[in-house]
Amino acid sequence: DQQVKQNSPSLSVQEGRISILNCDYTNSMFDYFLWYKKYPAEGPTFLISISSIKDKNEDGRFTVFLNKSAKHLSLHIVPSQPGDSAVYFCAASGNTGTASKLTFGTGTRLQVTL
Amino acid sequence: KAGVTQTPRYLIKTRGQQVTLSCSPISGHRSVSWYQQTPGQGLQFLFEYFSETQRNKGNFPGRFSGRQFSNSRSEMNVSTLELGDSALYLCASSRPSGGLETQYFGPGTRLLVL
């Protein structure tokens, strides 16, 4: 049973436009959400996070939106750059205190074209 | 500072064999978590070790085991390998007081079971 779902396995966006990556979750106990970026042959790297007490968190070109009632979060990248081409994973946790037991989605491969 | 290192990077085994993977965390990090990444399931949490003790465990069969040494290095072992164990195995380390954002991933060990 996939508790964190990324229904779009891939996404192609032109350079300079907005990339929107979506993530849905089913477990209402999740209270902390993270996005990771993964390049080939490298491990995932942390990108941005959001606590369930917020509905938006922004860091430079990256903004994460959380809609708790819909159990949905999205990552916006504006403007998209070719270096953003990677696989993006959303992850959720019901334990914000320690780095353990994250539940990941299956990932969305973003390709930013020139 | 040096990142999380995993050895070996690639491994080919046959069904029924066993395998041991190694993870060296970032210096000063005492928590090590292991994940399995497969195309259909994304990243799935295997277990977490902290100060040589297993602190959390995911939903994997007993064929998957791990341990952590006094220098925080960790190993995971898979016995009686099955074809479905073919995956990328990632480890991640974090500081003792670190939150989820401080979890740093290694590049992974790609295991192929024939």
# chains A, B, ... in the order shown; residues from 1 in each chain; ligands from 1
call {"tool": "interface_residues", "arguments": {"of": "chain A", "to": "chain B", "cutoff": "12 Å", "atoms": "only C-alpha atoms", "output": "PyMOL selection string"}}
result
chain A and resi 1-7+9+32-51+87-109
call {"tool": "residues_around", "arguments": {"residues": "range 59-65 of chain B", "least_positions_apart": "5", "cutoff": "8 Å", "atoms": "only C-alpha atoms", "output": "list in words"}}
result
Phe45, Leu46, Met76, Asn77, Val78, Ser79 and Thr80 of chain B
call {"tool": "atom_distance", "arguments": {"atom1": "CA of Ala70 in chain A", "atom2": "CA of Asn57 in chain A"}}
result
17.5 Å
call {"tool": "select_by_dssp", "arguments": {"residues": "chain A", "states": "strand (DSSP E or B)", "output": "number ranges by chain"}}
result
A: 4-5, 10-14, 19-25, 32-38, 45-51, 56-59, 62-67, 72-77, 86-93, 103-104, 108-113
call {"tool": "atom_distance", "arguments": {"atom1": "CA of Val64 in chain A", "atom2": "CA of Cys23 in chain A"}}
result
10.6 Å
call {"tool": "residues_around", "arguments": {"residues": "Thr14 in chain B", "least_positions_apart": "2", "cutoff": "7 Å", "atoms": "only C-alpha atoms", "output": "ChimeraX atom specification"}}
result
/B:16-17,113-114
call {"tool": "atom_distance", "arguments": {"atom1": "CA of Ile53 in chain A", "atom2": "CA of Pro79 in chain A"}}
result
26.8 Å
call {"tool": "residues_around", "arguments": {"residues": "His76 in chain A", "least_positions_apart": "2", "cutoff": "7 Å", "atoms": "only C-alpha atoms", "output": "list in words"}}
result
Ile18, Ser19, Ile20, Leu21, Phe62, Thr63, Val64, Ser74 and Val78 of chain A
call {"tool": "select_by_dssp", "arguments": {"residues": "chain B", "states": "helix (DSSP H, G or I)", "output": "list of chain:residue names"}}
result
B:Leu83, B:Gly84, B:Asp85, B:Leu100, B:Glu101, B:Thr102
call {"tool": "write_last_selection", "arguments": {"atoms": "all heavy atoms", "output": "compact mmCIF listing (two decimals), in the first residue's frame"}}
result
# COMPACT_ATOMS: atom_id res chain seq x y z
N LEU B 83 15.37 -12.93 -6.75
CA LEU B 83 15.45 -12.03 -7.90
C LEU B 83 14.91 -10.63 -7.55
O LEU B 83 15.45 -9.61 -8.00
CB LEU B 83 14.66 -12.60 -9.08
CG LEU B 83 15.18 -13.91 -9.68
CD1 LEU B 83 14.27 -14.35 -10.83
CD2 LEU B 83 16.61 -13.77 -10.16
N GLY B 84 13.87 -10.60 -6.73
CA GLY B 84 13.25 -9.33 -6.36
C GLY B 84 14.10 -8.45 -5.46
O GLY B 84 13.73 -7.31 -5.19
N ASP B 85 15.24 -8.98 -5.02
CA ASP B 85 16.13 -8.16 -4.19
C ASP B 85 17.00 -7.25 -5.04
O ASP B 85 17.74 -6.41 -4.51
CB ASP B 85 17.02 -9.05 -3.32
CG ASP B 85 16.21 -9.89 -2.33
OD1 ASP B 85 15.10 -9.45 -1.95
OD2 ASP B 85 16.68 -10.98 -1.95
N LEU B 100 15.24 15.75 10.06
CA LEU B 100 15.15 14.97 8.83
C LEU B 100 15.94 15.60 7.69
O LEU B 100 16.45 14.92 6.83
CB LEU B 100 13.68 14.82 8.43
CG LEU B 100 12.88 13.90 9.36
CD1 LEU B 100 11.40 14.12 9.14
CD2 LEU B 100 13.24 12.46 9.13
N GLU B 101 16.04 16.94 7.70
CA GLU B 101 16.77 17.61 6.62
C GLU B 101 18.25 17.32 6.65
O GLU B 101 18.95 17.54 5.66
CB GLU B 101 16.58 19.14 6.70
CG GLU B 101 15.16 19.61 6.55
CD GLU B 101 14.45 19.66 7.88
OE1 GLU B 101 14.88 18.96 8.81
OE2 GLU B 101 13.46 20.41 7.99
N THR B 102 18.76 16.84 7.78
CA THR B 102 20.20 16.64 7.89
C THR B 102 20.61 15.23 7.48
O THR B 102 21.73 14.82 7.73
CB THR B 102 20.68 16.88 9.34
OG1 THR B 102 20.12 15.85 10.19
CG2 THR B 102 20.24 18.24 9.82
